[in-house]
Structure formats: C-alpha cells, structure tokens
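Asks: Have a look at this one before I ask anything.
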Amino acid sequence: MKIAIINTGGTISCVGNPLAPMTASAFAQASQTLLDPILKQQFAALETHYLTDIRFPESATHTLDSTNLQPSDWCIMALGVLEHYADYDGFVILHGTDSMDFSGAALSFLLNSVNAQGYPSVVLSKPVIITGSQVPLYYQAGTSQPLTLNYNTDAFQNLCGAVAAAQSGIPEVGVYFHNHLYRGNRVVKTNASQFAAFSSPNYPALGEYGVNLTIDPALCLPGPVHAELGLDNPSQRSTQIALVRSLQQGLGDYPVAQLNAFPATYRQNPASGFLAQLVDAMLAAGARGLILESYGEGNFPSGNPDNPAAGAIYQALARANQAGVNLVNCTQVLAGTVNSSAYAAGAWLPAVGALAPADMTPMAALAKLMILMASADEQGWTRQQVQTLLQSNLYGEMSSVNYLDSRINPELLANQGLSSLDGSAQLVNCAEQGPLLLASGHSEPLWRLPINLHAGDLPGRLRMQDDGNLVFYNRSNQAIWASDTGHFGGASSRLLLSGSFANQGADNSLQLQVYDYSAMTCACQLYPVL
C-alpha cells in the first residue's frame, strides 16, 4: 500500500535549540533512514513517499508553524492531495497543533463538493489523516551531529497511528492524536501541554489504537454513492482541482472573524457598547462573515436586556446583516448544541439574521462559511443558498437537524425528531402517536402516517432504508407502513424536511419528501400532498 506523507511544518518536524523547522526534504531524508524501517516492521507491504514539492511561500523553509497559516494555505494542502491523488492509497499530513482544528475542517470542505441543494457532487474516497505532536520527532545535539529519534515523544506514536489510519480506506479527513482517530471537522484543541491535545466533544472518536487500530465503520462517512462522483474519477478530480485553485486566489476576499461574548460595557441611552464597536470595526476591516461565540446555548449580549432591538449590539449586528455579512451563532462552550430560543437572551438573534449551526465547532463554522462564500461565485449560489448550506450537515461537521440519510443517520427513535432550518416545523416520532409533522402556531399535525396505529404498535421507529423505502417499524420490529419507494438495486435516499412553514399558502415553502440522491430525483412527497 502506497501512503504519501506531506510535511507542512509544526513541532513534529522541528529540531535544534531553540526549535526551528526542518525543510520538507531534510525531514524526508531523516524519515527514510530512521522511521521507515520501523514502520516496515508492522506494515511489510507499506510504501511511504514523502512529497517535497508542496511549498508554502511565506517561509524560507517552505514549511510553516501553523500559527502563521492563512486560508490560502489550506488550498495548498488540498492541492497537494488532489494533484497526487491517483498515485497513492492514502495521505498523512504533518501539521502544527495551533491551527490543526481549522485545517482539519477546511480540508473536508476543499476535498469534497456539493450542489446547491447540499447533495454530494464530488466526494473524497481515500483517507487523509492529519497529525502532529507536542514534542519533536527528531533530536540533534548540534548542527554537525546526526539526527536521532527523540526520546519518549508523542510524535512517533502519532505518526505511526496516522500511517495506520491512512491505510484503513475510510473516506474521511481525520485527525489522529494520542491513540485516537477523530473526524477532522469535529476536533478542538483542548490541552496545550499534555499529549492528549485534541478532543471531539460532539462526535465520538472514529477509532482508537490499543494493540491494533480499531475503527468503528458505523461512525465513518460512507464515501461516494457512485464511483463517478469520487475523486478517483479523473473528471471529478479535475473539477475539484480547478475549484480549489480558484479558491486559493479568492478566499482572501471573504474574510470571516470570530467574536466571543464577554462581559463588556454598554449604555442604553443613547445606545452604545464596546461589543457593538467591535462589530462595526470588523465590518470596517472588510469582514464578510462573523462567527459569534455566544454564551451557553447561544446567548449573546444585545445591549438592552428589556428591549433587545433597542440595544447597540443588536443594532450593530442588524446593520451587518443588512450589509450582506453572514452571521453564525456558535457557542464558546466546548460541548453541546446551540438552541438560541431556549432563553430570551438569545431568542433575538434570528431576527438579525444569525444562522443556527447546531453542534458545529466555531473553527469548522469559520472555515465552512469562508469556503461556501468564496465558492458561491464559481457555483452560482445565492446568499440564501449559502446560508442553507451553512446550516446543513455536508461532511459530518454537524448533526443532521433536517434530514435522515439512509447511509449514515437513517433512523428516528421514539420522541426524536427533525426540524426545518428556521425552526418553523418539526417532524417528531411521537411515542404515543407515531410520526407527526408539526408547525409552529398550528394546532393540528400537517402530516401523519396514513394508517391506524394501535397501542401495541407504539413506540415505533421511522427508518430511511438504503433501498429508498421509508418504513415505520412497530415495537415488535414489524414493518407496518412504507412509502413504497424502494428499489431492488438500492436507492440511497434522504427523508428531508426543507423550506419554511407559513399559514398563508403562497408563503408556505415547507416540504417533507423522500429524495433519492443516487438518482437525483424526488421519490415521494409526503407534504404538501400533490
């Protein structure tokens, strides 16, 4: 198996006192001598290739401490993978830890693409594993002395684990650190001084290395639904290379800033506030997006507790939204899901256009928003389409709030549900009544199963099957209702709740449908009934 190793820089490839980065070619030469024989002990058929043609122009060594990475450097890494994709079975990217969580997210958005409706159009089909370390891999007593493996480092363990993960075949951008393999767009750096530097607070680790590397396939992304969509297809790969090259030039035109909620002075009469001044300053500097890192479940100071709309911060954010700046309401809390409607202190945020990212990390939200906005010109997307994609789970970076997918999250258990992105409607699998489509301010269900359910049937489960059939199973695991949209050869599908509910018919865009994305066609519309 052929694995490509890309050294971008960081602690793992530093030597000397004080520590300084090695060039990619010097690191490759040392690794071929000192590391490869050890890897061969475990993986006899392994071929490691160190790609030294991937260079970062900001640095004389052409490698970078990740502190100095900028968005265009994400594209350099992505192109390094894409332009060598056909030659290798997997990729390992060595990276500094400071911004690894940003790059882990960004690469998942650069090595895959979706259409305007959020369905895959180009799909990663091989492992791309990012790793680094808290302590360097190599030691050199003096400039004239030979390199040796450093004593008792996490670098050696992490690199060995990443090479193992890169041979697994999973179609994921992953981060391997301290015996754990994580989804790259879910990680957060949570420790600056321990070997367990990264966590994935809102999604389980994909795998763990004990005596051997064990990966749970049920947690991994499924890859392309058709071979034609995968990056193994030269046509798709060429399309993605062209897009990433364009983004490399264009990402700088779509800067996104992060703004933490913190106790700051504000005045109510006249309305003013330090946070409002920061928002205005970010807009004046050219920000095209703002990632709000709110308190708790999504609460952000408005500048007026009794009348948020009169507050300076509310008004500054409203001006930003009116100016076309996209606002995303994340939480600064490590784990959990944003629910801005839970408290009055956050319920005003949708009124100024703040988008709901569910349990996405602020790092993933920043990379996702920037790449979506920069892609919009190439893809012909509207601002509304960008905002819908931002709030949709594209590559496992957030929970799927508005759909079931037959290949990755296929089922609603009792009292679980889906929600439209604006929160105006919910599909709830009620334990006492079965699946109900409910709308805010509407007393009767908009849709329910068209059969009589008996007490002995409930609670049941609603499952989107990979043959394209939506099926309700009773408590005895008997299928008692189906959408009759199944195909013998398979039809990977989603149960999708889209649009927005409104009492006025002309304004009601809400839809509940079974969509066969293997054939890109609506298989069945449950609401409204056609």
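Every chain in the structure tokens takes a letter, A first, then B, and so on in the order presented; its residues are numbered from 1, and the ligands are numbered from 1 following the presented order.
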Near Ile38 of chain A, within 12 Å and counting only C-alpha atoms, which residues show up once chain neighbours fewer than 6 positions away are dropped, as an MDAnalysis selection string?
Replies: chainID A and resid 31:32 44 46 48 149 156:157 159:160 163
Asks: Give me a file of those residues, with N, CA, C and O atoms, as an mmCIF file, in the first residue's frame.
Replies:
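The result, written out as part14.cif:
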data_model
loop_
_atom_site.group_PDB
_atom_site.id
_atom_site.type_symbol
_atom_site.label_atom_id
_atom_site.label_comp_id
_atom_site.auth_asym_id
_atom_site.auth_seq_id
_atom_site.Cartn_x
_atom_site.Cartn_y
_atom_site.Cartn_z
ATOM 1 N N SER A 31 13.509 10.706 7.768
ATOM 2 C CA SER A 31 12.453 9.715 7.985
ATOM 3 C C SER A 31 12.716 8.432 7.198
ATOM 4 O O SER A 31 12.431 7.328 7.687
ATOM 5 N N GLN A 32 13.234 8.568 6.006
ATOM 6 C CA GLN A 32 13.550 7.371 5.227
ATOM 7 C C GLN A 32 14.608 6.532 5.925
ATOM 8 O O GLN A 32 14.577 5.296 5.855
ATOM 9 N N ALA A 44 4.509 -4.670 6.360
ATOM 10 C CA ALA A 44 5.546 -5.164 5.450
ATOM 11 C C ALA A 44 5.348 -4.659 4.023
ATOM 12 O O ALA A 44 6.326 -4.447 3.291
ATOM 13 N N LEU A 46 4.030 -1.826 3.128
ATOM 14 C CA LEU A 46 3.870 -0.373 3.087
ATOM 15 C C LEU A 46 4.968 0.286 2.256
ATOM 16 O O LEU A 46 6.148 -0.045 2.379
ATOM 17 N N THR A 48 6.094 4.201 1.807
ATOM 18 C CA THR A 48 5.894 5.603 2.187
ATOM 19 C C THR A 48 6.634 6.505 1.208
ATOM 20 O O THR A 48 7.779 6.240 0.839
ATOM 21 N N LEU A 149 16.039 9.620 16.619
ATOM 22 C CA LEU A 149 14.673 9.710 17.112
ATOM 23 C C LEU A 149 14.688 10.287 18.523
ATOM 24 O O LEU A 149 15.518 9.893 19.357
ATOM 25 N N PHE A 156 6.324 10.184 17.558
ATOM 26 C CA PHE A 156 6.490 8.848 16.978
ATOM 27 C C PHE A 156 5.177 8.078 17.016
ATOM 28 O O PHE A 156 4.750 7.483 16.023
ATOM 29 N N GLN A 157 4.500 8.094 18.158
ATOM 30 C CA GLN A 157 3.231 7.381 18.285
ATOM 31 C C GLN A 157 2.177 7.948 17.338
ATOM 32 O O GLN A 157 1.430 7.199 16.684
ATOM 33 N N LEU A 159 2.605 9.651 14.503
ATOM 34 C CA LEU A 159 2.897 9.387 13.100
ATOM 35 C C LEU A 159 2.631 7.924 12.749
ATOM 36 O O LEU A 159 2.056 7.622 11.693
ATOM 37 N N CYS A 160 2.999 7.011 13.630
ATOM 38 C CA CYS A 160 2.705 5.598 13.384
ATOM 39 C C CYS A 160 1.196 5.363 13.294
ATOM 40 O O CYS A 160 0.711 4.640 12.412
ATOM 41 N N VAL A 163 -0.219 6.794 10.006
ATOM 42 C CA VAL A 163 0.098 5.925 8.863
ATOM 43 C C VAL A 163 -0.823 4.714 8.858
ATOM 44 O O VAL A 163 -1.299 4.281 7.799
#
Asks: Taking the chain letters and numbering used in this document, name the residues of segment 25-103 of chain A that DSSP puts in strand (DSSP E or B), as a PDB file with N, CA and C atoms, in the first residue's frame.
Replies:
ATOM      1  N   GLU A  47       4.552   1.222   1.412  1.00  0.00           N
ATOM      2  CA  GLU A  47       5.486   2.119   0.726  1.00  0.00           C
ATOM      3  C   GLU A  47       5.160   3.546   1.157  1.00  0.00           C
ATOM      4  N   THR A  48       6.094   4.201   1.807  1.00  0.00           N
ATOM      5  CA  THR A  48       5.894   5.603   2.187  1.00  0.00           C
ATOM      6  C   THR A  48       6.634   6.505   1.208  1.00  0.00           C
ATOM      7  N   HIS A  49       5.970   7.554   0.795  1.00  0.00           N
ATOM      8  CA  HIS A  49       6.545   8.521  -0.134  1.00  0.00           C
ATOM      9  C   HIS A  49       6.377   9.906   0.480  1.00  0.00           C
ATOM     10  N   TYR A  50       7.470  10.635   0.601  1.00  0.00           N
ATOM     11  CA  TYR A  50       7.447  11.959   1.213  1.00  0.00           C
ATOM     12  C   TYR A  50       7.384  12.999   0.090  1.00  0.00           C
ATOM     13  N   LEU A  51       6.266  13.712   0.029  1.00  0.00           N
ATOM     14  CA  LEU A  51       6.057  14.682  -1.042  1.00  0.00           C
ATOM     15  C   LEU A  51       6.712  16.004  -0.651  1.00  0.00           C
ATOM     16  N   GLY A  90      -3.555   6.575   0.342  1.00  0.00           N
ATOM     17  CA  GLY A  90      -3.926   7.398   1.484  1.00  0.00           C
ATOM     18  C   GLY A  90      -2.869   8.460   1.706  1.00  0.00           C
ATOM     19  N   PHE A  91      -3.206   9.446   2.543  1.00  0.00           N
ATOM     20  CA  PHE A  91      -2.337  10.593   2.757  1.00  0.00           C
ATOM     21  C   PHE A  91      -2.221  10.878   4.250  1.00  0.00           C
ATOM     22  N   VAL A  92      -1.004  11.255   4.672  1.00  0.00           N
ATOM     23  CA  VAL A  92      -0.756  11.749   6.023  1.00  0.00           C
ATOM     24  C   VAL A  92      -0.221  13.166   5.889  1.00  0.00           C
ATOM     25  N   ILE A  93      -0.824  14.107   6.594  1.00  0.00           N
ATOM     26  CA  ILE A  93      -0.388  15.500   6.584  1.00  0.00           C
ATOM     27  C   ILE A  93       0.146  15.842   7.971  1.00  0.00           C
ATOM     28  N   LEU A  94       1.427  16.199   8.028  1.00  0.00           N
ATOM     29  CA  LEU A  94       2.039  16.620   9.288  1.00  0.00           C
ATOM     30  C   LEU A  94       1.808  18.118   9.451  1.00  0.00           C
TER      31      LEU A  94
END
Asks: As a PyMOL selection string, please: the residues near segment 184-194 of chain A (cut-off 8 Å, only C-alpha atoms, same-chain neighbours under 6 positions excluded).
Replies: chain A and resi 97-98+100-106+108+130+134+172-175+200-203+360-361+363-364+396-398
Asks: Mind dumping the selected residues with N, CA, C and O atoms as an mmCIF file, in the first residue's frame?
Replies:
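Final output, out02.cif:
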data_model
loop_
_atom_site.group_PDB
_atom_site.id
_atom_site.type_symbol
_atom_site.label_atom_id
_atom_site.label_comp_id
_atom_site.auth_asym_id
_atom_site.auth_seq_id
_atom_site.Cartn_x
_atom_site.Cartn_y
_atom_site.Cartn_z
ATOM 1 N N THR A 97 0.031 22.042 15.797
ATOM 2 C CA THR A 97 -1.207 21.842 16.559
ATOM 3 C C THR A 97 -2.026 23.120 16.736
ATOM 4 O O THR A 97 -3.225 23.048 16.999
ATOM 5 N N ASP A 98 -1.405 24.304 16.587
ATOM 6 C CA ASP A 98 -2.103 25.543 16.927
ATOM 7 C C ASP A 98 -3.368 25.753 16.103
ATOM 8 O O ASP A 98 -4.382 26.224 16.625
ATOM 9 N N MET A 100 -4.551 23.238 13.841
ATOM 10 C CA MET A 100 -4.918 21.956 13.242
ATOM 11 C C MET A 100 -6.425 21.780 13.160
ATOM 12 O O MET A 100 -6.953 21.184 12.211
ATOM 13 N N ASP A 101 -7.164 22.313 14.153
ATOM 14 C CA ASP A 101 -8.613 22.159 14.131
ATOM 15 C C ASP A 101 -9.248 22.985 13.011
ATOM 16 O O ASP A 101 -10.287 22.603 12.462
ATOM 17 N N PHE A 102 -8.647 24.107 12.651
ATOM 18 C CA PHE A 102 -9.127 24.870 11.492
ATOM 19 C C PHE A 102 -8.846 24.113 10.193
ATOM 20 O O PHE A 102 -9.713 23.991 9.325
ATOM 21 N N SER A 103 -7.615 23.592 10.056
ATOM 22 C CA SER A 103 -7.248 22.902 8.822
ATOM 23 C C SER A 103 -8.000 21.585 8.666
ATOM 24 O O SER A 103 -8.369 21.193 7.546
ATOM 25 N N GLY A 104 -8.229 20.885 9.784
ATOM 26 C CA GLY A 104 -8.997 19.644 9.711
ATOM 27 C C GLY A 104 -10.388 19.869 9.156
ATOM 28 O O GLY A 104 -10.921 19.054 8.393
ATOM 29 N N ALA A 105 -10.979 21.004 9.533
ATOM 30 C CA ALA A 105 -12.290 21.349 8.989
ATOM 31 C C ALA A 105 -12.174 21.801 7.541
ATOM 32 O O ALA A 105 -12.909 21.332 6.660
ATOM 33 N N ALA A 106 -11.246 22.707 7.267
ATOM 34 C CA ALA A 106 -11.147 23.281 5.924
ATOM 35 C C ALA A 106 -10.899 22.218 4.873
ATOM 36 O O ALA A 106 -11.497 22.250 3.777
ATOM 37 N N SER A 108 -11.827 19.173 4.789
ATOM 38 C CA SER A 108 -13.033 18.403 4.475
ATOM 39 C C SER A 108 -13.931 19.149 3.501
ATOM 40 O O SER A 108 -14.641 18.530 2.697
ATOM 41 N N ILE A 130 -4.509 13.916 9.299
ATOM 42 C CA ILE A 130 -3.659 14.987 9.795
ATOM 43 C C ILE A 130 -3.136 14.593 11.179
ATOM 44 O O ILE A 130 -3.888 14.090 12.016
ATOM 45 N N GLN A 134 3.227 17.337 20.280
ATOM 46 C CA GLN A 134 3.615 18.329 21.279
ATOM 47 C C GLN A 134 5.129 18.388 21.464
ATOM 48 O O GLN A 134 5.656 19.362 21.998
ATOM 49 N N GLU A 172 -12.408 9.782 4.791
ATOM 50 C CA GLU A 172 -12.516 10.830 5.802
ATOM 51 C C GLU A 172 -11.267 11.707 5.800
ATOM 52 O O GLU A 172 -10.153 11.219 5.562
ATOM 53 N N VAL A 173 -11.447 12.985 6.102
ATOM 54 C CA VAL A 173 -10.348 13.819 6.589
ATOM 55 C C VAL A 173 -10.340 13.645 8.103
ATOM 56 O O VAL A 173 -11.285 14.046 8.788
ATOM 57 N N GLY A 174 -9.304 13.008 8.610
ATOM 58 C CA GLY A 174 -9.249 12.707 10.030
ATOM 59 C C GLY A 174 -8.100 13.421 10.712
ATOM 60 O O GLY A 174 -7.160 13.895 10.069
ATOM 61 N N VAL A 175 -8.180 13.502 12.017
ATOM 62 C CA VAL A 175 -7.072 13.961 12.856
ATOM 63 C C VAL A 175 -6.727 12.814 13.790
ATOM 64 O O VAL A 175 -7.599 12.318 14.523
ATOM 65 N N SER A 200 -12.907 15.652 20.666
ATOM 66 C CA SER A 200 -14.040 15.775 19.749
ATOM 67 C C SER A 200 -15.302 15.773 20.603
ATOM 68 O O SER A 200 -15.962 14.755 20.777
ATOM 69 N N PRO A 201 -15.654 16.940 21.163
ATOM 70 C CA PRO A 201 -16.697 16.976 22.194
ATOM 71 C C PRO A 201 -18.074 16.536 21.722
ATOM 72 O O PRO A 201 -18.856 16.024 22.527
ATOM 73 N N ASN A 202 -18.388 16.738 20.447
ATOM 74 C CA ASN A 202 -19.756 16.484 19.986
ATOM 75 C C ASN A 202 -19.891 15.312 19.029
ATOM 76 O O ASN A 202 -20.965 15.108 18.446
ATOM 77 N N TYR A 203 -18.808 14.537 18.856
ATOM 78 C CA TYR A 203 -18.895 13.353 17.999
ATOM 79 C C TYR A 203 -17.877 12.342 18.484
ATOM 80 O O TYR A 203 -16.746 12.704 18.821
ATOM 81 N N MET A 360 -21.837 22.421 15.545
ATOM 82 C CA MET A 360 -20.595 22.668 14.810
ATOM 83 C C MET A 360 -19.637 23.510 15.648
ATOM 84 O O MET A 360 -20.055 24.436 16.333
ATOM 85 N N THR A 361 -18.341 23.201 15.569
ATOM 86 C CA THR A 361 -17.361 23.993 16.306
ATOM 87 C C THR A 361 -17.187 25.363 15.644
ATOM 88 O O THR A 361 -17.408 25.516 14.437
ATOM 89 N N MET A 363 -14.434 26.723 14.872
ATOM 90 C CA MET A 363 -13.385 26.584 13.865
ATOM 91 C C MET A 363 -13.947 26.044 12.561
ATOM 92 O O MET A 363 -13.641 26.533 11.469
ATOM 93 N N ALA A 364 -14.799 25.017 12.671
ATOM 94 C CA ALA A 364 -15.416 24.457 11.468
ATOM 95 C C ALA A 364 -16.353 25.466 10.824
ATOM 96 O O ALA A 364 -16.427 25.574 9.593
ATOM 97 N N GLY A 396 -20.350 15.715 7.692
ATOM 98 C CA GLY A 396 -20.239 15.204 9.056
ATOM 99 C C GLY A 396 -19.779 16.220 10.062
ATOM 100 O O GLY A 396 -19.478 15.874 11.209
ATOM 101 N N GLU A 397 -19.760 17.521 9.684
ATOM 102 C CA GLU A 397 -19.251 18.566 10.588
ATOM 103 C C GLU A 397 -20.260 18.990 11.642
ATOM 104 O O GLU A 397 -19.906 19.705 12.579
ATOM 105 N N MET A 398 -21.511 18.558 11.507
ATOM 106 C CA MET A 398 -22.548 18.918 12.465
ATOM 107 C C MET A 398 -23.628 17.851 12.437
ATOM 108 O O MET A 398 -23.675 17.010 11.524
#
Asks: Show me, as a short mmCIF file (atom, residue, chain, number, x, y, z; two decimals) with C-alpha atoms, in the first residue's frame, the residues that have an atom within 7 Å of Leu418 of chain A when counting only C-alpha atoms, minus same-chain residues fewer than 6 positions from it.
Replies:
data_model
loop_
_atom_site.label_atom_id
_atom_site.label_comp_id
_atom_site.auth_asym_id
_atom_site.auth_seq_id
_atom_site.Cartn_x
_atom_site.Cartn_y
_atom_site.Cartn_z
CA VAL A 401 -31.09 18.50 12.02
CA ASN A 402 -33.36 18.40 8.96
CA TYR A 403 -32.85 15.02 7.31
CA GLN A 426 -40.72 19.68 13.25
CA LEU A 427 -41.16 16.05 12.31
CA VAL A 428 -41.41 14.22 15.64
#
Asks: Give me the residues within 9 Å of segment 434-449 of chain A as a PyMOL selection string, counting only C-alpha atoms and dropping any in the same chain fewer than 2 places off.
Replies: chain A and resi 414-415+417+423-432+451-453+457-462+472+481+501-503+512+526-528
Asks: Tell me which protein, DNA and RNA residues are within 6 Å of Ile313 of chain A, counting only C-alpha atoms, leaving out same-chain ones fewer than 3 positions away, and put them as a list in words.
Replies: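 Once the adjacent positions are removed, what remains is Ala276, Ser302, Gly303 and Ala316 of chain A.
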Asks: Given only C-alpha atoms as the basis, pick out the residue of A:Gly80, A:Ser420, A:Gln117, A:Ala342 nearest to Tyr515 of chain A.
Replies: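 Ranked by minimum distance to Tyr515 of chain A, first place goes to A:Gln117.
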Asks: Env of Ala116 of chain A: 10 Å cut, atoms = only C-alpha atoms, seq-sep filter 3 positions within chain, self excluded. Answer as a VMD selection string.
Replies: chain A and resid 113 119 to 121 376 379 to 382 385 to 386 388 to 389
Asks: Using only C-alpha atoms, which of the listed residues (A:Ser375, A:Ser144, A:Asn179, A:Gln387) sits closest to Gly210 of chain A?
Replies: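 Result for the nearest residue to Gly210 of chain A: A:Asn179.
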Asks: At most 12 Å is the cut-off: for each residue in segment 130-183 of chain A with any atom that close to an atom of segment 217-234 of chain A, write down the nearest atom pair and the distance in Å rounded to one decimal, counting only C-alpha atoms, chain first then increasing number, as a tab-separated table.
Replies:
residue	atom	partner	partner_atom	distance
A:Ser168	CA	A:Pro217	CA	10.3
A:Gly169	CA	A:Gly223	CA	10.0
A:Ile170	CA	A:Cys220	CA	7.0
A:Pro171	CA	A:Gly223	CA	5.4
A:Glu172	CA	A:Leu221	CA	6.5
A:Val173	CA	A:Leu221	CA	9.8
A:Gly174	CA	A:Cys220	CA	10.0
A:Leu181	CA	A:Cys220	CA	10.8
A:Tyr182	CA	A:Cys220	CA	9.8
A:Arg183	CA	A:Cys220	CA	8.2
Asks: So how many Å separate atom CA of Tyr266 of chain A and atom CA of Leu366 of chain A, to one decimal?
Replies: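 Going from atom CA of Tyr266 of chain A over to atom CA of Leu366 of chain A, I get 26.8 Å.
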Asks: May I ask for the distance between atom CA of Leu34 of chain A and atom CA of Thr148 of chain A, given in Å to one decimal place?
Replies: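 Separation of atom CA of Leu34 of chain A and atom CA of Thr148 of chain A: 7.3 Å.
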Asks: At what distance in Å, to one decimal, does atom CA of Met1 of chain A lie from atom CA of Phe43 of chain A?
Replies: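 Separation of atom CA of Phe43 of chain A and atom CA of Met1 of chain A: 8.9 Å.
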Asks: Determine which residues of segment 218-356 of chain A DSSP labels as helix (DSSP H, G or I) from the backbone of this structure, then write them out as JSON, numbers by chain.
Replies: {"A": [218, 219, 227, 228, 229, 234, 235, 236, 237, 238, 239, 240, 241, 242, 243, 244, 245, 246, 247, 248, 249, 250, 251, 252, 253, 274, 275, 276, 277, 278, 279, 280, 281, 282, 283, 284, 308, 309, 310, 312, 313, 314, 315, 316, 317, 318, 319, 320, 321, 322, 340, 341, 342, 344, 345, 346, 347, 349, 350, 351, 352]}
Asks: May I ask which of the residues A:Asn508, A:Ser492, A:Gln433, A:Gln240 is the closest one to Asn474 of chain A, counting only C-alpha atoms?
Replies: A:Gln433
